[in-house]
file input-v1.csv (CSV, C-alpha atoms and all ligand atoms)
chain,number,residue,atom,x,y,z
K,14,ASP,CA,0.0,0.0,0.0
K,15,CYS,CA,0.8,3.7,-0.1
K,16,GLU,CA,2.4,3.9,3.4
K,17,SER,CA,4.7,0.9,2.9
K,18,LYS,CA,5.8,2.4,-0.5
K,19,LEU,CA,6.6,5.7,1.3
K,20,GLN,CA,8.6,3.9,3.9
K,21,LEU,CA,10.5,2.0,1.2
K,22,VAL,CA,11.4,5.3,-0.5
K,23,ARG,CA,12.5,6.9,2.8
K,24,ARG,CA,14.7,3.9,3.7
K,25,HIS,CA,16.6,4.4,0.4
K,26,ILE,CA,17.7,8.0,1.0
K,27,ARG,CA,21.2,8.4,2.5
K,28,ASP,CA,22.4,11.4,4.5
K,29,PHE,CA,25.9,13.0,3.9
K,30,PRO,CA,26.6,15.8,6.4
K,31,ASP,CA,28.8,18.6,5.2
K,32,PHE,CA,28.5,17.9,1.5
K,33,PRO,CA,29.1,19.7,-0.8
K,34,LYS,CA,29.8,22.5,1.8
K,35,PRO,CA,30.0,22.6,5.6
K,36,GLY,CA,26.6,22.9,7.2
K,37,ILE,CA,24.7,21.2,4.3
K,38,VAL,CA,23.2,17.7,4.9
K,39,PHE,CA,23.1,16.2,1.4
K,40,ARG,CA,20.2,13.9,0.8
K,41,ASP,CA,21.4,11.2,-1.6
K,42,ILE,CA,18.9,9.4,-3.8
K,43,CYS,CA,21.4,7.0,-5.3
K,44,PRO,CA,20.1,4.0,-3.2
K,45,ILE,CA,16.6,4.6,-4.7
K,46,LEU,CA,18.0,4.2,-8.2
K,47,LYS,CA,19.9,1.1,-7.2
K,48,ASP,CA,16.9,-0.7,-5.9
K,49,PRO,CA,14.2,-1.5,-8.5
K,50,ALA,CA,11.4,-1.8,-5.8
K,51,ALA,CA,12.2,1.6,-4.4
K,52,LEU,CA,12.4,3.2,-7.8
K,53,THR,CA,9.1,1.6,-8.8
K,54,ALA,CA,7.5,2.9,-5.5
K,55,VAL,CA,8.6,6.4,-6.4
K,56,ILE,CA,7.0,6.3,-9.8
K,57,ASP,CA,3.8,4.5,-8.4
K,58,LEU,CA,3.3,7.2,-5.8
K,59,PHE,CA,3.8,10.0,-8.4
K,60,GLU,CA,1.5,8.3,-10.9
K,61,GLU,CA,-1.2,7.8,-8.3
K,62,HIS,CA,-1.0,11.5,-7.3
K,63,VAL,CA,-1.1,12.8,-10.8
K,64,ARG,CA,-4.0,10.5,-12.0
K,65,LYS,CA,-6.0,11.7,-9.0
K,66,ASN,CA,-5.2,15.4,-8.9
K,67,HIS,CA,-3.9,16.3,-12.4
K,68,PRO,CA,-5.5,13.9,-14.9
K,69,GLN,CA,-5.4,16.6,-17.6
K,70,VAL,CA,-1.6,16.8,-17.6
K,71,GLU,CA,-0.1,16.9,-21.1
K,72,LEU,CA,3.6,17.1,-20.5
K,73,ILE,CA,6.2,16.4,-17.7
K,74,VAL,CA,9.0,18.9,-17.5
K,75,GLY,CA,12.1,17.8,-15.6
K,76,LEU,CA,15.1,19.7,-14.1
K,77,ASP,CA,18.8,19.1,-14.8
K,78,ALA,CA,20.1,16.7,-13.7
K,79,ARG,CA,18.3,14.6,-11.1
K,80,GLY,CA,14.8,15.5,-12.4
K,81,PHE,CA,15.9,13.5,-15.5
K,82,LEU,CA,16.1,10.3,-13.4
K,83,PHE,CA,12.4,10.3,-12.5
K,84,GLY,CA,10.7,12.5,-15.1
K,85,PRO,CA,10.8,10.2,-18.2
K,86,LEU,CA,9.8,7.1,-16.2
K,87,LEU,CA,6.7,9.0,-14.9
K,88,ALA,CA,5.9,10.5,-18.3
K,89,GLN,CA,6.0,7.1,-19.9
K,90,ARG,CA,3.7,5.6,-17.2
K,91,LEU,CA,1.2,8.5,-17.8
K,92,GLY,CA,1.5,8.3,-21.6
K,93,VAL,CA,2.6,11.9,-22.0
K,94,GLY,CA,5.8,13.5,-23.3
K,95,PHE,CA,8.9,14.6,-21.3
K,96,VAL,CA,10.8,17.9,-21.8
K,97,MET,CA,14.2,18.9,-20.3
K,98,ILE,CA,15.1,22.1,-18.6
K,99,ARG,CA,18.9,22.1,-18.7
K,100,LYS,CA,21.8,24.0,-17.2
K,101,LYS,CA,23.1,26.8,-19.5
K,102,GLY,CA,24.8,25.9,-22.7
K,103,LYS,CA,23.6,22.4,-23.2
K,104,LEU,CA,20.6,22.8,-25.5
K,105,PRO,CA,20.8,23.4,-29.2
K,106,GLY,CA,18.6,25.8,-31.2
K,107,THR,CA,16.9,28.9,-29.8
K,108,THR,CA,16.5,28.8,-26.1
K,109,ALA,CA,15.1,30.9,-23.2
K,110,SER,CA,17.1,31.2,-20.0
K,111,VAL,CA,16.9,32.4,-16.4
K,112,ALA,CA,19.5,32.8,-13.6
K,113,TYR,CA,18.8,31.5,-10.1
K,114,ASP,CA,20.3,30.8,-6.6
K,115,LEU,CA,20.7,27.3,-5.0
K,116,GLU,CA,21.0,26.1,-1.4
K,117,TYR,CA,24.7,25.9,-2.2
K,118,GLY,CA,25.5,28.1,-5.2
K,119,LYS,CA,24.3,29.7,-8.4
K,120,ALA,CA,23.1,28.4,-11.8
K,121,GLU,CA,21.3,29.3,-15.0
K,122,ALA,CA,18.5,27.2,-16.5
K,123,GLU,CA,17.5,26.9,-20.2
K,124,ILE,CA,14.6,25.5,-22.3
K,125,GLN,CA,14.2,25.2,-26.0
K,126,GLU,CA,11.9,27.9,-27.3
K,127,ASP,CA,9.6,25.4,-29.0
K,128,ALA,CA,9.5,22.9,-26.2
K,129,VAL,CA,6.1,23.8,-24.8
K,130,ALA,CA,3.0,25.0,-26.7
K,131,PRO,CA,1.0,28.0,-25.3
K,132,GLY,CA,-1.7,26.7,-22.9
K,133,GLN,CA,-0.1,23.2,-22.6
K,134,LYS,CA,-0.8,21.7,-19.2
K,135,ILE,CA,2.5,20.7,-17.5
K,136,LEU,CA,3.9,19.3,-14.3
K,137,LEU,CA,7.4,20.1,-13.1
K,138,ILE,CA,9.5,17.3,-11.6
K,139,ASP,CA,12.8,17.2,-9.6
K,140,ASP,CA,14.4,15.0,-7.0
K,141,LEU,CA,14.5,17.6,-4.2
K,142,LEU,CA,13.0,20.9,-3.1
K,143,ALA,CA,15.4,23.0,-1.0
K,144,THR,CA,15.1,26.8,-1.3
K,145,GLY,CA,12.8,26.4,-4.3
K,146,GLY,CA,15.1,28.6,-6.4
K,147,THR,CA,15.4,25.9,-9.1
K,148,LEU,CA,11.7,25.1,-9.5
K,149,TYR,CA,10.9,28.8,-9.2
K,150,ALA,CA,13.3,29.6,-12.1
K,151,ALA,CA,11.7,26.7,-14.1
K,152,GLY,CA,8.3,28.2,-13.5
K,153,GLU,CA,9.5,31.6,-14.8
K,154,LEU,CA,10.8,29.9,-18.0
K,155,LEU,CA,7.5,28.1,-18.6
K,156,LYS,CA,5.5,31.2,-17.9
K,157,LYS,CA,7.4,32.9,-20.7
K,158,GLN,CA,6.2,30.1,-22.9
K,159,GLN,CA,2.7,30.6,-21.7
K,160,ALA,CA,2.5,27.0,-20.4
K,161,GLU,CA,-0.2,26.2,-17.9
K,162,ILE,CA,1.8,25.0,-14.9
K,163,MET,CA,-0.3,22.7,-12.7
K,164,GLY,CA,2.2,21.9,-9.9
K,165,CYS,CA,5.6,20.5,-8.9
K,166,LEU,CA,6.5,16.9,-7.9
K,167,VAL,CA,9.6,16.2,-5.8
K,168,VAL,CA,10.8,13.0,-4.1
K,169,ILE,CA,12.3,15.0,-1.2
K,170,GLU,CA,11.2,18.3,0.4
K,171,LEU,CA,13.5,20.1,3.0
K,172,ASN,CA,10.8,21.8,5.1
K,173,GLU,CA,13.1,24.3,7.0
K,174,LEU,CA,14.0,26.1,3.8
K,175,ASN,CA,10.3,26.9,3.0
K,176,GLY,CA,10.7,26.2,-0.7
K,177,SER,CA,7.0,25.6,-1.1
K,178,ASP,CA,6.2,29.1,0.1
K,179,LYS,CA,8.5,30.5,-2.6
K,180,LEU,CA,6.5,28.5,-5.2
K,181,LYS,CA,3.0,29.6,-4.1
K,182,PRO,CA,0.4,29.4,-5.5
K,183,LEU,CA,1.8,26.4,-7.3
K,184,PRO,CA,1.1,23.2,-5.3
K,185,VAL,CA,4.1,21.0,-4.4
K,186,PHE,CA,3.7,17.3,-3.9
K,187,SER,CA,6.6,15.6,-2.1
K,188,LEU,CA,7.1,12.0,-1.0
K,189,VAL,CA,9.6,12.4,1.9
K,190,GLN,CA,10.0,15.5,4.1
K,191,TYR,CA,12.9,16.5,6.4
H,1,LIG,C1,19.8,20.2,-6.7
H,1,LIG,C2,18.6,19.4,-6.7
H,1,LIG,C3,17.5,20.4,-7.1
H,1,LIG,C4,18.0,21.7,-6.5
H,1,LIG,C5,17.2,22.1,-5.3
H,1,LIG,O1,20.3,20.3,-8.0
H,1,LIG,O2,18.7,18.3,-7.6
H,1,LIG,O3,17.5,20.6,-8.6
H,1,LIG,O4,19.4,21.5,-6.2
H,1,LIG,O5,17.7,23.3,-4.7
H,1,LIG,P1,16.8,24.6,-4.6
H,1,LIG,O6,15.4,24.2,-4.2
H,1,LIG,O7,17.5,25.4,-3.5
H,1,LIG,O8,16.9,25.3,-5.9
H,1,LIG,P2,21.8,20.9,-8.4
H,1,LIG,O9,21.6,22.3,-8.9
H,1,LIG,O10,22.7,20.7,-7.3
H,1,LIG,O11,22.2,20.0,-9.6
H,1,LIG,P3,22.2,18.5,-10.1
H,1,LIG,O12,20.8,18.1,-10.2
H,1,LIG,O13,22.8,18.7,-11.5
H,1,LIG,O14,23.0,17.7,-9.2
H,2,LIG,N1,20.0,20.2,-3.5
H,2,LIG,C1,19.9,21.3,-2.8
H,2,LIG,N2,20.0,21.0,-1.5
H,2,LIG,C2,20.3,19.7,-1.4
H,2,LIG,C3,20.5,18.7,-0.4
H,2,LIG,N3,20.5,19.2,0.9
H,2,LIG,N4,20.7,17.4,-0.7
H,2,LIG,C4,20.7,17.0,-2.0
H,2,LIG,N5,20.4,17.8,-3.0
H,2,LIG,C5,20.3,19.1,-2.7

call {"tool": "encode", "arguments": {"input": "input-v1.csv", "output": "structure tokens", "more": "lines below"}}
Ligand code: PRP
Ligand code: ADE
result
Amino acid sequence: DCESKLQLVRRHIRDFPDFPKPGIVFRDICPILKDPAALTAVIDLFEEHVRKNHPQVELIVGLDARGFLFGPLLAQRLGVGFVMIRKKGKLPGTTASVAYDLEYGKAEAEIQEDAVAPGQKILLIDDLLATGGTLYAAGELLKKQQAEIMGCLVVIELNELNGSDKLKPLPVFSLVQY
């Protein structure tokens, strides 16, 4: 059931104190990827949430790099497409870009200009919500493309950083909270 799947996911997250900088507790999802049952549980839980709350979704948009690990699996389950938002300089053709701050640094995100059609209903996906800077920037990119953003999906949410406040009014669905 749902509770045991959540427990399975939680048991496959490892903590690394002081990585990549002193004071940061890095929440490592590698054990989830290494365990087929845990990875299946992640996608099952996301699928269940989306079918119930966002059945009209037309596209899953994932964030570089760890959003790419879950996004295509979920998109395929749902029978919709997947689009990448990448770090600067990686995507060919005409792109739109936006700069943002991270829990431990700075970055710039890009999307191909023709990736999303105006009015298209999309869900954003990433492995983890910290300050919300990354997902907020992704939302800004998609607004420029006039996408209809329905919400954000993350495996892990770090509550003390209040990332979901930064994303308001977009709803955030997370599987594991710290
Ligand atoms: C991490 C994580 C999220 C983001 C969350 O990615 O995967 O994308 O930080 O932080 P925020 O909520 O404060 O924006 P990172 O930029 O380290 O890159 P990676 O996925 O390429 O490892
Ligand atoms: N991205 C931003 N903060 C993070 C953390 N504490 N652990 C893993 N990824 C992160």

call {"tool": "residues_near_point", "arguments": {"input": "input-v1.csv", "point": "(12.3, 18.3, -3.2)", "cutoff": "8 Å", "atoms": "only C-alpha atoms", "output": "list in words"}}
result
Asp139, Asp140, Leu141, Leu142, Ala143, Leu166, Val167, Val168, Ile169, Glu170, Leu171 and Ser187 of chain K

call {"tool": "residues_around", "arguments": {"input": "input-v1.csv", "residues": "Glu71 (chain K)", "least_positions_apart": "3", "cutoff": "9 Å", "atoms": "all atoms listed in the file", "output": "VMD selection string"}}
result
chain K and resid 68 92 to 94 133 to 136

call {"tool": "atom_distance", "arguments": {"input": "input-v1.csv", "atom1": "CA of Glu116 (chain K)", "atom2": "atom O10 of ligand LIG 1 (chain H)"}}
result
8.2 Å

call {"tool": "residues_around", "arguments": {"input": "input-v1.csv", "residues": "Ala130 (chain K)", "least_positions_apart": "5", "cutoff": "12 Å", "atoms": "all atoms listed in the file", "output": "count of residues only"}}
result
13

call {"tool": "atom_distance", "arguments": {"input": "input-v1.csv", "atom1": "CA of Pro49 (chain K)", "atom2": "CA of Val189 (chain K)"}}
result
18.0 Å

call {"tool": "residues_around", "arguments": {"input": "input-v1.csv", "residues": "Val63 (chain K)", "least_positions_apart": "3", "cutoff": "10 Å", "atoms": "all atoms listed in the file", "output": "short mmCIF file (atom, residue, chain, number, x, y, z; two decimals) with C-alpha atoms, in the coordinates of the input"}}
result
data_model
loop_
_atom_site.label_atom_id
_atom_site.label_comp_id
_atom_site.auth_asym_id
_atom_site.auth_seq_id
_atom_site.Cartn_x
_atom_site.Cartn_y
_atom_site.Cartn_z
CA ASP K 57 3.80 4.50 -8.40
CA LEU K 58 3.30 7.20 -5.80
CA PHE K 59 3.80 10.00 -8.40
CA GLU K 60 1.50 8.30 -10.90
CA ASN K 66 -5.20 15.40 -8.90
CA HIS K 67 -3.90 16.30 -12.40
CA PRO K 68 -5.50 13.90 -14.90
CA GLN K 69 -5.40 16.60 -17.60
CA VAL K 70 -1.60 16.80 -17.60
CA LEU K 87 6.70 9.00 -14.90
CA LEU K 91 1.20 8.50 -17.80
CA LEU K 136 3.90 19.30 -14.30
CA GLY K 164 2.20 21.90 -9.90
CA LEU K 166 6.50 16.90 -7.90
CA PHE K 186 3.70 17.30 -3.90
#

call {"tool": "build_atoms", "arguments": {"input": "input-v1.csv", "residues": "region 49-73 of chain K", "atoms": "N, CA and C atoms", "output": "mmCIF file, keeping the file's coordinate frame"}}
result
data_model
loop_
_atom_site.group_PDB
_atom_site.id
_atom_site.type_symbol
_atom_site.label_atom_id
_atom_site.label_comp_id
_atom_site.auth_asym_id
_atom_site.auth_seq_id
_atom_site.Cartn_x
_atom_site.Cartn_y
_atom_site.Cartn_z
ATOM 1 N N PRO K 49 15.349 -1.598 -7.555
ATOM 2 C CA PRO K 49 14.200 -1.500 -8.500
ATOM 3 C C PRO K 49 12.867 -1.343 -7.737
ATOM 4 N N ALA K 50 12.702 -1.950 -6.573
ATOM 5 C CA ALA K 50 11.400 -1.800 -5.800
ATOM 6 C C ALA K 50 11.238 -0.401 -5.336
ATOM 7 N N ALA K 51 12.313 0.211 -4.865
ATOM 8 C CA ALA K 51 12.200 1.600 -4.400
ATOM 9 C C ALA K 51 11.932 2.564 -5.494
ATOM 10 N N LEU K 52 12.603 2.364 -6.633
ATOM 11 C CA LEU K 52 12.400 3.200 -7.800
ATOM 12 C C LEU K 52 10.948 3.085 -8.311
ATOM 13 N N THR K 53 10.471 1.852 -8.352
ATOM 14 C CA THR K 53 9.100 1.600 -8.800
ATOM 15 C C THR K 53 8.111 2.272 -7.814
ATOM 16 N N ALA K 54 8.421 2.219 -6.513
ATOM 17 C CA ALA K 54 7.500 2.900 -5.500
ATOM 18 C C ALA K 54 7.454 4.361 -5.761
ATOM 19 N N VAL K 55 8.573 5.000 -6.070
ATOM 20 C CA VAL K 55 8.600 6.400 -6.400
ATOM 21 C C VAL K 55 7.617 6.741 -7.524
ATOM 22 N N ILE K 56 7.763 5.992 -8.606
ATOM 23 C CA ILE K 56 7.000 6.300 -9.800
ATOM 24 C C ILE K 56 5.483 5.907 -9.543
ATOM 25 N N ASP K 57 5.235 4.820 -8.817
ATOM 26 C CA ASP K 57 3.800 4.500 -8.400
ATOM 27 C C ASP K 57 3.175 5.588 -7.680
ATOM 28 N N LEU K 58 3.879 6.132 -6.691
ATOM 29 C CA LEU K 58 3.300 7.200 -5.800
ATOM 30 C C LEU K 58 3.041 8.453 -6.628
ATOM 31 N N PHE K 59 3.985 8.825 -7.500
ATOM 32 C CA PHE K 59 3.800 10.000 -8.400
ATOM 33 C C PHE K 59 2.601 9.756 -9.304
ATOM 34 N N GLU K 60 2.566 8.572 -9.912
ATOM 35 C CA GLU K 60 1.500 8.300 -10.900
ATOM 36 C C GLU K 60 0.126 8.367 -10.201
ATOM 37 N N GLU K 61 0.021 7.774 -9.026
ATOM 38 C CA GLU K 61 -1.200 7.800 -8.300
ATOM 39 C C GLU K 61 -1.679 9.228 -8.004
ATOM 40 N N HIS K 62 -0.740 10.067 -7.565
ATOM 41 C CA HIS K 62 -1.000 11.500 -7.300
ATOM 42 C C HIS K 62 -1.508 12.213 -8.520
ATOM 43 N N VAL K 63 -0.808 12.007 -9.615
ATOM 44 C CA VAL K 63 -1.100 12.800 -10.800
ATOM 45 C C VAL K 63 -2.478 12.299 -11.406
ATOM 46 N N ARG K 64 -2.714 10.989 -11.428
ATOM 47 C CA ARG K 64 -4.000 10.500 -12.000
ATOM 48 C C ARG K 64 -5.173 11.033 -11.162
ATOM 49 N N LYS K 65 -4.970 11.177 -9.851
ATOM 50 C CA LYS K 65 -6.000 11.700 -9.000
ATOM 51 C C LYS K 65 -6.215 13.179 -9.053
ATOM 52 N N ASN K 66 -5.099 13.918 -9.055
ATOM 53 C CA ASN K 66 -5.200 15.400 -8.900
ATOM 54 C C ASN K 66 -4.953 16.178 -10.199
ATOM 55 N N HIS K 67 -4.240 15.599 -11.157
ATOM 56 C CA HIS K 67 -3.900 16.300 -12.400
ATOM 57 C C HIS K 67 -4.135 15.439 -13.623
ATOM 58 N N PRO K 68 -5.338 14.850 -13.768
ATOM 59 C CA PRO K 68 -5.500 13.900 -14.900
ATOM 60 C C PRO K 68 -5.400 14.552 -16.263
ATOM 61 N N GLN K 69 -5.471 15.895 -16.306
ATOM 62 C CA GLN K 69 -5.400 16.600 -17.600
ATOM 63 C C GLN K 69 -3.968 16.844 -18.068
ATOM 64 N N VAL K 70 -2.965 16.441 -17.265
ATOM 65 C CA VAL K 70 -1.600 16.800 -17.600
ATOM 66 C C VAL K 70 -1.200 16.309 -19.007
ATOM 67 N N GLU K 71 -0.471 17.181 -19.716
ATOM 68 C CA GLU K 71 -0.100 16.900 -21.100
ATOM 69 C C GLU K 71 1.411 16.673 -21.285
ATOM 70 N N LEU K 72 2.198 17.131 -20.294
ATOM 71 C CA LEU K 72 3.600 17.100 -20.500
ATOM 72 C C LEU K 72 4.306 17.127 -19.080
ATOM 73 N N ILE K 73 5.370 16.317 -18.915
ATOM 74 C CA ILE K 73 6.200 16.400 -17.700
ATOM 75 C C ILE K 73 7.462 17.129 -18.068
#
